[in-house]
Structures are given as C-alpha cells and as structure tokens.
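K.L.:
Quick one: structure below, then a few questions.
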Amino acid sequence: MSNSHPDLNVSFVGEHNQVALVRLTRPAKRNALNDGLILAIRDTFQNLPSSVRAAVIDGEGEHFCAGLDLSELSERDASEGVFHSRMWHAALECVEKGTVPVIAALHGAVVGGGLELASACHIRVADESTFYALPEGTRGIFVGGGGAVRIPRLIGAARMTDMMLTGRVYNAADGERIGLSQYLVPNGTAVEKALELAGRIATNAPMTNFALMHALPRIAEQPADHGLFTEALMASIAQSAPEAKERVRAFLEGKAAKVRKD
Ligand code: 1HE
C-alpha cells in the first residue's frame with residue numbers, strides 16, 4: 001500500500017506487517033484536517049492490506065490534531081456544509097467500522113475534529129501532554145464529524161455540553177478520569193504503548209475483534225431484550241470458529257497463558 005496523500009504516512013510494523021501505523025504529517029498546521037486529508041484517512045482505512053490485524057493513528061509534531069482546517073470553512077454554504085459533514089462521517093465510519101481495531105496515540109492538542117477522529121478509534125492512549133477541547137462552541141459552529149454521537153458515548157452529553165458551552169479544556173489526567181482515554185502514559189510514550197497494545201490485539205482471533213468492533217457497540221445501544229438476543233447469536237458464531245476451539249483446547253491442555261494481574 002503506497003501513501004496516497006503527502007500529509008498522511010502509512011507504514012507497517014511487526015514481523016508479518018500486522019500493525020498499520022497511520023501518521024498525520026502536517027505538523028506546520030498542527031495536523032489540521034483538510035478535505036484531502038479526510039479523504040486520505042477514508043481511503044487508507046478502506047484499503048488496509050489483509051495482513052493488517054490492528055492499526056495505530058498518531059500525529060507528527062507537538063500536537064495530535066487541531067481539528068478541522070478552518071481555512072476551508074469560510075466559503076461553504078449550508079448545503080455544502082451538509083455534504084462536508086457527511087464526508088467526515090463516511091471517513092470516520094471507515095475508522096470505527098472498518099476491518100481492524102484502531103488505537104489513537106494522543107499527545108498535545110486533541111481538539112475539535114481531532115477529538116472526533118480520536119473518538120472514532122477503539123482505544124485511546126494519551127500521554128501527559130494531551131489536552132482535549134471542543135472549540136467549535138466558541139467559533140460559532142457545531143461538531144460535524146460524528147462528535148455529537150461518539151463523544152457523549154465516552155463522557156456523557158452533560159460533559160460535552162459543558163465543553164462546548166464554556167470552552168472547557170480537559171488535561172490528560174482529567175481526560176482519563178472522565179473516559180476520554182483508556183490509558184495515560186508518560187510524555188512521548190503514547191505511540192510505543194499503542195503499538196504494544198496493537199501487537200496484542202493482532203494476536204486475537206479475527207472473529208473476536210470483529211465482534212468487539214461491530215457487534216458490541218450495536219448491542220450496547222439495543223434495548224436489553226434485543227441486546228441479549230444479539231449477544232447470544234454473536235457468541236455462538238464466535239465460539240463455533242475453529243480458531244476458538246483450538247484456543248480453548250490449548251488452555252485446557254496447559255499450553256495457553258493464564259490470566260495474570262500485571
Ligand atoms: C490551523 C488550525 C486549524 C492551527 N485550521 N489552521 N480547531 C480549532 O479551533 C483549534 C485551532 N488551533 C489552535 O487552537 C492551536 O493552533 C493549537 C492549540 C492546536 C496549537 O497551538 P500552537 O501555538 O502550537 O500553534 P499555532 O501557532 O496556533 O498554529 C500553527 C499554524 O497552524 C498556524 O498557521 P501559520 O500559517 O500562522 O503558521 C495556524 O493558523 C495553523 N492552524 N490549527 C487551520 N484548525 C467536522 S467539524 C470539526 C470542527 C472543528 O474541528 S472546529 C475546531 C477547529
């Protein structure tokens with residue numbers, strides 16, 4: 001897979017290229033997301049090679065991502081705005097509901113559309129320099145990249161409302177406390193930690209990863225009765241895969257790792 005955009009670098013890590021490292025490389029503009037970059041994210045996650053089992057996304061320079069490229073906003077009318085927002089939705093859907101789990105490695109600014117991109121990922125690892133904001137509120141606009149759907153799922157509508165009404169900025173520690181990131185790591189180590197997690201995820205049975213990406217979020221939004229039914233179907237599909245049988249047999253024969261606390 002070659003790089004399709006000058007501001008997005010894709011490389012592969014691991015003995016079998018099983019982890020894709022996708023890097024925003026527009027540090028002079030704080031990795032602000034223009035239309036070309038959004039389309040490149042879409043194309044990248046739509047076309048990951050079949051060797052890839054997990055992905056990491058990070059940003060070059062001092063910040064993960066400054067959000068929407070505001071220089072492209074000024075000339076857009078209302079209907080163009082709808083299509084623009086739908087373009088972001090389609091691209092971030094390719095991240096969230098693509099072929100492999102995606103880990104965001106965060107540092108510096110994770111703001112506006114940058115937080116929308118991070119919230120489309122399955123795991124967020126933040127280093128101590130990370131800060132989160134939704135400056136849309138103070139810029140007279142609204143989120144348009146799926147943030148209104150995904151961010152309340154992480155932190156609740158009340159906290160998101162506060163961030164947008166008041167311009168509140170959360171630091172890395174508070175971000176972890178409220179659920180914006182699942183991991184908080186020392187400065188400069190977010191990518192390393194994200195790659196370690198991705199390496200582990202890449203060894204899971206593909207059907208388990210599929211269930212976590214595609215079934216769990218849907219089940220979590222279904223009424224309990226429907227959710228339990230869907231869970232039963234997903235569980236039966238996952239456990240019937242030959243790989244699941246092999247893994248369980250390996251444990252019973254003492255050949256697989258036990259669960260241990262760190
Ligand atoms: C940009 C952008 C951008 C920086 N669009 N050009 N997002 C925001 O409202 C956040 C706006 N950015 C910032 O608040 C700050 O830039 C940062 C906190 C991210 C970083 O600060 P700093 O001091 O490191 O950098 P800087 O000096 O502010 O910016 C460096 C350059 O990047 C500068 O350009 P230059 O040509 O003068 O060097 C900035 O203009 C440029 N830059 N951020 C365009 N966002 C789907 S809807 C989503 C809606 C949103 O995301 S709205 C929120 C947009």
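As shown in the structure tokens, the chain order sets the letters A, B, ...; within each chain, residues go from 1, and ligands are also counted from 1 in the order they appear.
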Among region 75-250 of chain A, which residues carry a DSSP assignment of strand (DSSP E or B), reported as a ChimeraX atom specification?

P.N.:
/A:102-106,109-111,123-127,131-133,170-171,183-185

K.L.:
Using only C-alpha atoms, which protein or nucleic acid residues come within 10 Å of Ser4 (chain A)? Drop anything in the same chain fewer than 6 positions from it, and give the result as a list in words.

P.N.:
Val10, Gly36, Leu37, Leu39, Ala40, Ile41, Asp43 and Thr44 of chain A

K.L.:
Compare A:Cys94, A:Asp69, A:Val185, A:Ala202 by their minimum atom-to-atom distance to Ser51 (chain A), counting only C-alpha atoms, and give me the closest one.

P.N.:
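Ranking A:Cys94, A:Asp69, A:Val185, A:Ala202 by distance to Ser51 (chain A), first place goes to A:Ala202.
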
K.L.:
Per residue of chain A within 10 Å of ligand 1, which atom pair is closest and at what distance in Å (one decimal), using only C-alpha atoms and all ligand atoms, listed by chain and increasing number, as CSV?

P.N.:
residue,atom,partner,partner_atom_place_in_ligand_line,distance
A:Arg26,CA,ligand 1,32 (O),9.1
A:Pro27,CA,ligand 1,32 (O),7.8
A:Ala28,CA,ligand 1,31 (C),5.6
A:Lys29,CA,ligand 1,32 (O),3.4
A:Arg30,CA,ligand 1,32 (O),5.1
A:Asn31,CA,ligand 1,43 (N),7.5
A:Ala32,CA,ligand 1,3 (C),4.9
A:Leu33,CA,ligand 1,45 (N),7.3
A:Asn34,CA,ligand 1,5 (N),8.1
A:Asp35,CA,ligand 1,46 (C),9.9
A:Ile38,CA,ligand 1,46 (C),9.5
A:Gly61,CA,ligand 1,24 (O),9.2
A:Glu62,CA,ligand 1,24 (O),6.8
A:His63,CA,ligand 1,19 (C),6.7
A:Phe64,CA,ligand 1,19 (C),8.5
A:Cys65,CA,ligand 1,19 (C),6.7
A:Ala66,CA,ligand 1,19 (C),4.2
A:Gly67,CA,ligand 1,51 (O),3.7
A:Leu68,CA,ligand 1,51 (O),3.7
A:Asp69,CA,ligand 1,5 (N),3.4
A:Leu70,CA,ligand 1,5 (N),3.9
A:Ser71,CA,ligand 1,44 (C),5.2
A:Glu72,CA,ligand 1,44 (C),7.9
A:Leu73,CA,ligand 1,5 (N),9.0
A:Gly81,CA,ligand 1,47 (S),9.4
A:His84,CA,ligand 1,46 (C),7.7
A:Ser85,CA,ligand 1,46 (C),5.8
A:Arg86,CA,ligand 1,46 (C),8.9
A:Met87,CA,ligand 1,46 (C),8.8
A:Trp88,CA,ligand 1,46 (C),6.1
A:His89,CA,ligand 1,46 (C),8.3
A:Gly108,CA,ligand 1,19 (C),8.0
A:Ala109,CA,ligand 1,19 (C),5.3
A:Val110,CA,ligand 1,19 (C),7.7
A:Val111,CA,ligand 1,7 (N),6.1
A:Gly112,CA,ligand 1,51 (O),3.5
A:Gly113,CA,ligand 1,51 (O),3.6
A:Gly114,CA,ligand 1,51 (O),6.5
A:Leu115,CA,ligand 1,51 (O),8.0
A:Glu116,CA,ligand 1,48 (C),7.4
A:Leu117,CA,ligand 1,46 (C),9.1
A:Phe131,CA,ligand 1,18 (C),9.0
A:Tyr132,CA,ligand 1,18 (C),9.7
A:Ala133,CA,ligand 1,10 (C),8.5
A:Leu134,CA,ligand 1,53 (C),6.4
A:Pro135,CA,ligand 1,9 (O),5.0
A:Glu136,CA,ligand 1,52 (S),4.4
A:Gly137,CA,ligand 1,52 (S),8.2
A:Thr138,CA,ligand 1,9 (O),8.3
A:Arg139,CA,ligand 1,9 (O),6.8
A:Gly140,CA,ligand 1,52 (S),9.1
A:Ile141,CA,ligand 1,52 (S),7.1
A:Phe142,CA,ligand 1,49 (C),6.7
A:Val143,CA,ligand 1,47 (S),4.8
A:Gly144,CA,ligand 1,47 (S),3.9
A:Gly145,CA,ligand 1,46 (C),3.8
A:Gly146,CA,ligand 1,46 (C),7.5
A:Gly147,CA,ligand 1,46 (C),8.1

K.L.:
Pick from A:Asp127, A:Glu93, A:Glu231, A:Glu192: nearest to Leu216 (chain A), with only C-alpha atoms counted?

P.N.:
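So, comparing all the options, the nearest one is A:Glu231.
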
K.L.:
In region 12-147 of chain A, what's helix (DSSP H, G or I) per DSSP? Answer as an NGL selection string?

P.N.:
:A and (27-29 or 35-46 or 70-72 or 78-96 or 113-119 or 136-139 or 147)

K.L.:
For region 205-210 of chain A, list every protein, DNA or RNA residue within 7 Å, evaluated using only C-alpha atoms, and leave out those in the same chain fewer than 2 positions away; present the list as a PyMOL selection string.

P.N.:
chain A and resi 101+203+212-214+238+243

K.L.:
For the residues selected in the previous step, produce a file with N, CA, C and O atoms as a compact mmCIF listing (two decimals), in the first residue's frame.

P.N.:
# COMPACT_ATOMS: atom_id res chain seq x y z
N PRO A 101 -9.33 -3.19 14.66
CA PRO A 101 -9.36 -2.22 15.74
C PRO A 101 -8.29 -1.14 15.55
O PRO A 101 -7.20 -1.43 15.07
N THR A 203 -3.03 -10.48 17.79
CA THR A 203 -2.97 -11.94 18.03
C THR A 203 -4.35 -12.51 18.39
O THR A 203 -4.49 -13.72 18.52
N LEU A 212 -16.15 -7.33 18.69
CA LEU A 212 -15.97 -6.15 19.55
C LEU A 212 -16.18 -4.85 18.78
O LEU A 212 -16.70 -3.88 19.32
N MET A 213 -15.80 -4.86 17.51
CA MET A 213 -15.95 -3.63 16.71
C MET A 213 -17.37 -3.45 16.18
O MET A 213 -17.87 -2.34 16.10
N HIS A 214 -17.99 -4.55 15.79
CA HIS A 214 -19.25 -4.43 15.04
C HIS A 214 -20.48 -4.85 15.83
O HIS A 214 -21.56 -4.32 15.62
N ALA A 238 -18.97 -16.81 17.27
CA ALA A 238 -17.55 -16.72 17.67
C ALA A 238 -17.06 -18.07 18.18
O ALA A 238 -15.98 -18.53 17.79
N GLU A 243 -10.82 -21.61 15.14
CA GLU A 243 -9.76 -20.97 15.91
C GLU A 243 -10.13 -20.89 17.39
O GLU A 243 -9.28 -21.05 18.27

K.L.:
Let me make sure I understand: among A:Ser50, A:Ser119, A:Asn171, A:Ser129, which one has the smallest atom-to-atom distance to Ile155 (chain A) if we use only C-alpha atoms?

P.N.:
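Distance minimum relative to Ile155 (chain A) lands on A:Ser119.
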
K.L.:
Calculate how many Å separate CA of Ala148 (chain A) from CA of Met164 (chain A), rounding to one decimal.

P.N.:
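Computing it gives 10.8 Å between the two atoms.
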
K.L.:
Using Å and a single decimal, report how far CA of Ala211 (chain A) sits from CA of Met234 (chain A).

P.N.:
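One can read the CA of Met234 (chain A) to CA of Ala211 (chain A) distance as 6.9 Å.
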
K.L.:
If we count only C-alpha atoms and set the cut-off at 6 Å, which residues sit around region 173-182 of chain A, ignoring sequence neighbours fewer than 4 positions away in its own chain? Please answer as a list in words.

P.N.:
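These residues fall inside the cut-off: Arg124, Val125, Leu154 and Ile155 of chain A.
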
K.L.:
Could you write those residues out with C-alpha atoms, as a PDB file, in the first residue's frame?

P.N.:
ATOM      1  CA  ARG A 124      -7.236   5.982  23.102  1.00  0.00           C
ATOM      2  CA  VAL A 125      -3.769   6.145  24.688  1.00  0.00           C
ATOM      3  CA  LEU A 154     -17.471   8.319  26.059  1.00  0.00           C
ATOM      4  CA  ILE A 155     -18.141  11.095  28.558  1.00  0.00           C
TER       5      ILE A 155
END

K.L.:
At what distance in Å, to one decimal, does CA of Ala215 (chain A) lie from CA of Thr230 (chain A)?

P.N.:
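Between CA of Thr230 (chain A) and CA of Ala215 (chain A) the gap is 7.9 Å.
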
K.L.:
Which of these residues is nearest to Arg42 (chain A), using only C-alpha atoms: A:Ala157, A:Ala120, A:Ala235, A:Ala90?

P.N.:
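Among the listed residues, A:Ala90 lies closest to Arg42 (chain A).
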